[in-house]
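Below: run.txt (compact mmCIF, C-alpha atoms)
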# COMPACT_ATOMS: atom_id res chain seq x y z
CA MET A 176 189.04 -1.76 116.17
CA ASN A 177 189.62 1.96 115.83
CA ILE A 178 186.73 3.67 114.05
CA PRO A 179 187.16 7.39 113.33
CA GLU A 180 184.28 9.67 114.18
CA MET A 181 182.60 11.09 111.10
CA ASN A 182 180.44 14.18 111.04
CA ALA A 183 177.71 14.55 108.47
CA GLN A 184 177.05 17.84 106.75
CA CYS A 185 173.37 17.87 107.65
CA PRO A 186 173.78 20.12 110.73
CA MET A 187 175.90 22.51 108.68
CA CYS A 188 173.32 22.64 105.90
CA ARG A 189 170.53 23.19 108.41
CA MET A 190 172.38 26.02 110.14
CA THR A 191 173.12 27.68 106.80
CA ALA A 192 169.49 27.41 105.68
CA GLU A 193 168.19 28.76 109.02
CA SER A 194 170.64 31.63 108.91
CA ASN A 195 169.61 32.44 105.36
CA LEU A 196 165.91 32.47 106.30
CA GLN A 197 166.55 34.69 109.32
CA HIS A 198 168.30 37.24 107.12
CA GLY A 199 165.44 37.39 104.60
CA GLY A 200 166.71 34.83 102.11
CA SER A 201 164.70 32.09 100.47
CA ALA A 202 167.31 29.32 100.14
CA GLY A 203 165.78 27.36 103.03
CA LYS A 204 162.39 27.19 101.34
CA GLY A 205 164.01 25.92 98.17
CA LEU A 206 165.95 23.34 100.16
CA ASN A 207 162.76 22.03 101.78
CA THR A 208 160.99 21.90 98.41
CA GLY A 209 163.92 19.98 96.93
CA ILE A 210 163.86 17.47 99.78
CA LEU A 211 160.13 16.87 99.33
CA TYR A 212 160.61 16.49 95.57
CA ILE A 213 163.37 13.90 96.01
CA LEU A 214 161.33 12.08 98.66
CA SER A 215 158.24 11.86 96.45
CA ILE A 216 159.95 10.22 93.45
CA PRO A 217 160.25 6.67 94.92
CA TYR A 218 156.64 6.74 96.11
CA LEU A 219 155.40 7.82 92.69
CA LEU A 220 157.43 5.08 91.00
CA VAL A 221 156.09 2.38 93.33
CA ALA A 222 152.52 3.68 92.94
CA SER A 223 152.87 3.70 89.15
CA LEU A 224 154.20 0.15 89.08
CA GLY A 225 151.39 -0.97 91.38
CA PHE A 226 148.78 0.68 89.16
CA ILE A 227 150.22 -0.93 86.01
CA TRP A 228 150.32 -4.32 87.75
CA TYR A 229 146.71 -3.89 88.91
CA LYS A 230 145.48 -2.93 85.43
CA ASN A 231 147.30 -5.85 83.78
CA ARG A 232 146.01 -8.29 86.42
CA LYS A 233 142.45 -7.02 85.98
CA LYS A 234 142.77 -7.32 82.18
CA GLN A 235 144.13 -10.87 82.53
CA ASP A 236 141.23 -11.89 84.81
CA PHE A 237 138.73 -10.40 82.34
CA GLU A 238 140.28 -12.39 79.45
CA GLU A 239 140.18 -15.61 81.50
CA ASP A 240 136.48 -15.06 82.25
CA ASP A 241 135.78 -14.74 78.51
CA LEU A 242 137.43 -18.11 77.80
CA ILE A 243 135.21 -19.96 80.28

Turn this file's structure into structure tokens for me.
Amino acid sequence: MNIPEMNAQCPMCRMTAESNLQHGGSAGKGLNTGILYILSIPYLLVASLGFIWYKNRKKQDFEEDDLI
């Protein structure tokens, strides 16, 4: 099987951001902020769903205790 070698753009983006920071630019800081923002979204969604599940479960347990 002949698999062609593929190069990702990540090293190119990193070199561009580092070069920009060395020459007084601020694109690298914005890039890092964007990465952290994108990374935080899934964790916030999972935490929100967990909190909603916890509140509904606690409410359900409270209602069951009232019926007894």

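Across the model, the gap from CA of Asp236 (chain A) to CA of Leu224 (chain A) is 18.2 Å.
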
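Look at Glu193 (chain A): the protein and nucleic acid residues within 10 Å of it, using only C-alpha atoms and passing over chain neighbours fewer than 5 places away, are Met187, Cys188, His198, Gly200, Ser201, Ala202, Gly203 and Lys204 of chain A.
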
Q | Point-to-point distance in Å for CA of Cys185 (chain A) and CA of Gly205 (chain A) | A | 15.6 Å

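Between CA of Asn207 (chain A) and CA of Arg189 (chain A) there is a distance of 10.3 Å.
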